[in-house]
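Engineer: Quick one: the structure is below, and I'll ask about it shortly.
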Amino acid sequence: MTTALTIIVVEQDRERALMIVDALREAGEHRVQVIGSGAGLARRVAEQCPDLVLIDAGDPSRDALEELTLAAGPLERPVAMFVDRADQSLTRAAIEAGVSAYVVDGLKSDRIRPILDAAIVRFHVFQRMRSELAATKAALEERKIVDRAKGLLMRAKGIGEEEAYALLRKTAMDQGKRLADLAQALVTAADLLK
Amino acid sequence: MTRTLSLGFIPLLDAAPLIVAHEMGFAEQEGLRLNLRRAANWSQLRDMLDLGAVDAAHMLSVMPVARALGLGSGHGEIDVLMVLSLNGQVIGLSKALAASTRTLPFGDPQIGAALPSGEILRFGVPFPFSMHALLLHYWLSRIAPDLEVTLHSIHPPRMAEALEAGEIDGFCVGEPWGTRAVQVAGARLILPGSAIWSQSPEKVLATRKGWAETEPEVAGALMRAIWRAGEWADANRDSLAELLALPRNLDTSSLHIEPALRGQVLPLARGTEAAVPQMLEFHAGLTNFPWRSQAAWIGNELAQRHGLPPGPAIAAARTTFRSDLYRVHLGPAGAPLPRSSDKAEGLLLRDESVPAVLGSLSLARNRFFDGAVFDPARSI
């Protein structure tokens with residue numbers, strides 16, 4: 001029987017954190033703790049003496065973990081970012097999914113693999129959710145701007161909604177611009193002239 | 001035929017040579033299409049380079065040397081093809097620490113001796129292996145040897161918040177983050193990095209070891225494009241501010257970028273701007289030449305800080321700055337080439353003309369604040 005590992009998940013978002021913890025539970029009997037990103041990250045991680053730390057590769061506080069690679073005292077265990085020398089595809093998959101793992105010196109790769117595999121699956125889901133959310137948000141913003149531009153044209157020229165929309169579209173096509181960009185330019189100009 | 005290269009960068013002022021090479025057509029002139037990929041932190045950028053997600057990257061000058069010394073995360077060796085920028089750092093104190101420190105004019109390194117001892121002072125830097133960390137350590141260990149200082153890695157845009165939250169008492173960071181700490185957190189800037197070392201290599205163009213030799217034509221084209229981009233960046237600083245500010249690049253207001261590009265910083269909120277000579281250099285003189293002696297200095301400093309034997313550290317460090325490749329690829333393009341790839345760092349009180357491979361060239365003033373000279377010829 002292998003002993004349980006202490007795993008720290010650095011994640012600010014509560015819901016995301018819970019999803020990662022659930023996934024890790026399925027990968028084995030480990031002690032999993034969640035801590036938030038941000039202030040004093042290196043110190044807060046070191047205090048827990050973890051075997052493994054999982055963090056979003058693009059977390060703004062991630063560079064602080066690099067401090068842990070420099071063990072300050074003889075009793076401290078140096079940590080390094082996990083790179084599987086026998087299996088680069090795992091490291092690559094982790095990077096693509098946007099998760100990175102920091103491990104204590106001496107921890108064997110085969111103990112880390114199942115945990116990292118589980119985390120990678122979860123982070124892929126996050127990535128999809130994030131790009132979907134961003135796309136929806138952008139589409140919504142663009143529709144709002146186009147609506148405002150339409151309204152401006154309707155008032156200024158005394159035309160109907162359909163005609164205003166057709167005018168915007170035609171101008172955008174003639175100028176080789178995106179409809180949303182043209183609408184934004186019109187709205188900005190109108191705001192300036194107020 | 002156009003070849004596409006992926007380059008990693010961090011959205012900072014000194015990514016300018018890569019951004020300009022892409023945006024102003026210098027890469028295209030060389031038959032390259034650049035795919036610029038923004039990273040969120042230095043660790044992520046390093047991973048992208050290590051695993052081949054990018055061909056080359058904008059990198060802290062200390063990172064490749066630390067790697068050669070076995071310090072830090074990541075794997076595989078790194079080659080430095082050229083220096084992308086000199087200087088650009090500023091050092092500041094929190095409102096509280098500034099209040100308990102005797103005031104000296106901005107840029108006077110003697111202020112280090114006036115810092116209150118007795119309590120541990122915590123300084124924020126962008127990364128453990130950075131020129132910011134080395135300059136702070138070099139300066140404080142000499143000017144205030146009894147002072148107890150700890151360094152903490154803080155994401156530069158968070159530097160002002162870290163000061164406000166009392167996590168740190170001071171910082172060394174690249175602009176515009178120092179000025180932002182002044183405006184947002186009431187910090188006081190005390191020194192530009194150039195007051196500690198007037199010629200510190202800040203960012204470099206890094207590739208995986210051997211990449212430039214496997215693809216010599218592509219590497220040469222990339223180096224020429226970036227070298228010319230740096231020349232444009234130095235000469236067109238107003239347009240540069242607009243270009244850098246774009247959402248796809250730094251995504252900020254050009255007003256935050258302009259002062260540092262004009263060589264000015266605002267040490268105190270509601271104060272007047274201070275002019276900093278050689279605040280940030282992209283091209284002038286031999287800015288881009290990767291001197292073996294610069295790498296040796298970095299290696300020696302890392303060895304002192306982390307208890308490694310200096311001889312082997314200096315020898316390993318020197319191999320990372322590839323002045324040989326610079327000579328091969330940029331010499332024919334017209335870049336001035338010095339006769340030696342080493343110089344005595346800290347030796348020049350003023351700009352000086354020296355014989356070059358062809359004709360002569362001007363070496364810029366090169367001083368450490370304490371007047372020390374680091375001569376690799378004597379330390380090996």
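Going through the structure tokens in order, the chains are called A, B, and so on, while each chain numbers its residues from 1 and the ligands are numbered from 1 in the order shown.
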Hey, which bits of chain A sit within 10 Å of chain B, and for each residue what's the closest pair of atoms and how far apart in Å (one decimal), counting only C-alpha atoms, rows by chain and increasing number, as a tab-separated table?
Structural biologist:
```
residue	atom	partner	partner_atom	distance
A:Gly38	CA	B:Arg158	CA	8.8
A:Ala39	CA	B:Ala162	CA	7.1
A:Gly40	CA	B:Glu167	CA	7.3
A:Leu41	CA	B:Ser153	CA	9.4
A:Ala42	CA	B:His152	CA	8.6
A:Arg43	CA	B:His152	CA	9.7
A:Asp56	CA	B:Gln44	CA	9.8
A:Ala57	CA	B:Gln44	CA	6.1
A:Gly58	CA	B:Ala40	CA	5.1
A:Asp59	CA	B:Ala40	CA	7.0
A:Pro60	CA	B:His155	CA	6.0
A:Ser61	CA	B:His155	CA	6.0
A:Arg62	CA	B:Asn41	CA	7.0
A:Asp63	CA	B:Ser43	CA	5.9
A:Ala64	CA	B:Ser153	CA	4.8
A:Leu65	CA	B:Ser153	CA	8.3
A:Glu66	CA	B:Gly72	CA	6.6
A:Glu67	CA	B:Pro128	CA	6.2
A:Leu68	CA	B:Gly72	CA	8.7
A:Thr69	CA	B:Gly72	CA	5.5
A:Leu70	CA	B:Gly72	CA	7.3
A:Ala71	CA	B:His306	CA	9.8
A:Ala72	CA	B:His306	CA	9.3
A:Pro78	CA	B:Gly72	CA	9.8
A:Val79	CA	B:Ser73	CA	8.5
A:Ala80	CA	B:Ser73	CA	5.3
A:Met81	CA	B:Ser73	CA	5.4
A:Phe82	CA	B:Ser73	CA	8.3
A:Val83	CA	B:Gly74	CA	7.4
A:Arg85	CA	B:His75	CA	9.3
A:Gln88	CA	B:Leu51	CA	8.5
A:Ser89	CA	B:Leu51	CA	9.8
A:Thr91	CA	B:Leu51	CA	8.4
A:Arg92	CA	B:Leu51	CA	6.9
A:Ile95	CA	B:Asp47	CA	7.7
A:Glu96	CA	B:Ala53	CA	9.3
A:Gly98	CA	B:Gln44	CA	9.2
A:Val99	CA	B:Gln44	CA	10.0
A:Ser100	CA	B:Gln44	CA	8.9
A:Tyr102	CA	B:Ser73	CA	9.0
```
Engineer: When DSSP works through the backbone of this structure, what residues of segment 142-329 of chain B end up as strand (DSSP E or B), shown as a PyMOL selection string?
Structural biologist: chain B and resi 149-153+170-174+188-192+197+201-208+264-265+274-275+280-281+321
Engineer: By how many Å are atom CA of Ile10 of chain B and atom CA of Thr207 of chain B apart?
Structural biologist: 15.4 Å
Engineer: If we count only C-alpha atoms and set the cut-off at 8 Å, which residues sit around segment 101-108 of chain B, ignoring sequence neighbours fewer than 2 positions away in its own chain? Please answer as a list in words.
Structural biologist: Leu97, Ala98, Ala99, Gln110, Ile111, Ala114, Leu115, Pro116, Leu189, Ile190, Leu191, Pro192, Ala195, Pro267 and Ala274 of chain B
Engineer: List as a list in words the protein and nucleic acid residues near segment 182-190 of chain A, meaning an atom at most 9 Å away when only C-alpha atoms are counted, but skip any in the same chain fewer than 6 places from it.
Structural biologist: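 Everything that qualifies: Glu142, Ile145, Val146, Asp147, Arg148, Ala149, Lys150, Leu152, Leu168, Arg169, Thr171 and Ala172 of chain A.
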Engineer: Write out as a PyMOL selection string which residues come within 8 Å of Ala164 of chain A when counting only C-alpha atoms, dropping same-chain ones fewer than 4 positions away.
Structural biologist: chain A and resi 150-151+153-154+159-160+168
Engineer: Write out as a tab-separated table (two decimals) with N, CA, C and O atoms, in the first residue's frame the set of residues from segment 50-106 of chain B that DSSP, computed on the backbone, places in alpha helix (DSSP H).
Structural biologist:
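And here's selection-v2.tsv as it stands now:
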```
chain	number	residue	atom	x	y	z
B	50	ASP	N	10.54	25.50	-23.57
B	50	ASP	CA	11.09	24.17	-23.29
B	50	ASP	C	10.42	23.10	-24.13
B	50	ASP	O	11.06	22.17	-24.61
B	62	VAL	N	18.50	36.68	-16.74
B	62	VAL	CA	19.07	35.78	-15.72
B	62	VAL	C	18.56	34.35	-15.87
B	62	VAL	O	19.22	33.40	-15.45
B	63	MET	N	17.39	34.17	-16.49
B	63	MET	CA	16.81	32.82	-16.57
B	63	MET	C	17.68	31.80	-17.30
B	63	MET	O	17.89	30.70	-16.79
B	64	PRO	N	18.23	32.12	-18.49
B	64	PRO	CA	19.06	31.13	-19.18
B	64	PRO	C	20.32	30.77	-18.38
B	64	PRO	O	20.76	29.62	-18.39
B	65	VAL	N	20.88	31.76	-17.67
B	65	VAL	CA	22.09	31.50	-16.89
B	65	VAL	C	21.74	30.63	-15.68
B	65	VAL	O	22.45	29.66	-15.37
B	66	ALA	N	20.63	30.93	-15.02
B	66	ALA	CA	20.19	30.12	-13.88
B	66	ALA	C	20.02	28.67	-14.33
B	66	ALA	O	20.43	27.73	-13.64
B	67	ARG	N	19.43	28.49	-15.49
B	67	ARG	CA	19.23	27.14	-16.04
B	67	ARG	C	20.56	26.42	-16.20
B	67	ARG	O	20.71	25.25	-15.85
B	68	ALA	N	21.56	27.13	-16.75
B	68	ALA	CA	22.87	26.52	-16.96
B	68	ALA	C	23.53	26.13	-15.64
B	68	ALA	O	24.36	25.23	-15.58
B	95	LYS	N	5.03	53.58	1.16
B	95	LYS	CA	4.80	54.87	1.80
B	95	LYS	C	5.40	54.88	3.21
B	95	LYS	O	6.11	55.82	3.59
B	96	ALA	N	5.17	53.80	3.97
B	96	ALA	CA	5.64	53.73	5.35
B	96	ALA	C	7.17	53.70	5.42
B	96	ALA	O	7.78	54.43	6.22
B	97	LEU	N	7.79	52.88	4.58
B	97	LEU	CA	9.25	52.78	4.61
B	97	LEU	C	9.88	54.09	4.15
B	97	LEU	O	10.88	54.55	4.72
B	98	ALA	N	9.28	54.71	3.12
B	98	ALA	CA	9.81	55.99	2.64
B	98	ALA	C	9.75	57.04	3.74
B	98	ALA	O	10.66	57.85	3.90
B	99	ALA	N	8.68	57.00	4.57
B	99	ALA	CA	8.51	57.98	5.64
B	99	ALA	C	9.58	57.82	6.71
B	99	ALA	O	9.97	58.79	7.36
```
Engineer: Which one of B:Pro201, B:Gly186, B:Gly124, B:Gly70 sits closest to Phe282 of chain B if you count only C-alpha atoms?
Structural biologist: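 Counting only C-alpha atoms, the residue closest to Phe282 of chain B is B:Pro201.
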Engineer: If we count only C-alpha atoms and set the cut-off at 7 Å, which residues sit around Phe9 of chain B, ignoring sequence neighbours fewer than 2 positions away in its own chain? Please answer as an MDAnalysis selection string.
Structural biologist: chainID B and resid 7 11 15 37:39 57:58
Engineer: Based on the selection just made, write N, CA and C atoms of those residues as a CSV table (one decimal), in the first residue's frame.
Structural biologist:
```csv
chain,number,residue,atom,x,y,z
B,7,LEU,N,6.8,33.2,-31.5
B,7,LEU,CA,7.6,33.8,-30.5
B,7,LEU,C,6.8,34.1,-29.2
B,11,PRO,N,3.7,40.8,-21.9
B,11,PRO,CA,3.3,42.2,-22.2
B,11,PRO,C,4.0,43.2,-21.4
B,15,ALA,N,9.3,44.2,-24.5
B,15,ALA,CA,9.0,43.2,-25.6
B,15,ALA,C,8.9,44.0,-26.9
B,37,ARG,N,3.0,35.1,-29.3
B,37,ARG,CA,2.1,34.4,-28.3
B,37,ARG,C,2.4,35.0,-26.9
B,38,ARG,N,1.4,35.6,-26.4
B,38,ARG,CA,1.5,36.3,-25.1
B,38,ARG,C,1.4,35.3,-23.9
B,39,ALA,N,2.3,35.3,-23.0
B,39,ALA,CA,2.2,34.4,-21.8
B,39,ALA,C,1.8,35.2,-20.6
B,57,ALA,N,11.9,33.2,-27.5
B,57,ALA,CA,11.1,34.0,-26.5
B,57,ALA,C,11.9,35.1,-26.0
B,58,HIS,N,11.1,36.2,-25.6
B,58,HIS,CA,11.5,37.3,-24.9
B,58,HIS,C,11.7,36.8,-23.4
```
Engineer: For Glu231 of chain B, find every residue with an atom within 9 Å (counting only C-alpha atoms), except residues of its own chain fewer than 5 positions away, and show them as a ChimeraX atom specification.
Structural biologist: /B:17,226,236,282-284
Engineer: One decimal, in Å: what's the spacing between atom CA of Gly31 of chain B and atom CA of Leu18 of chain B?
Structural biologist: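 Atom CA of Gly31 of chain B sits 15.2 Å away from atom CA of Leu18 of chain B.
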Engineer: Which is closer to Gly25 of chain B than all the others in B:Leu286, B:Val354, B:Leu240, B:Ala225, using only C-alpha atoms?
Structural biologist: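 Looking at the shortest contact to Gly25 of chain B, the residue is B:Ala225.
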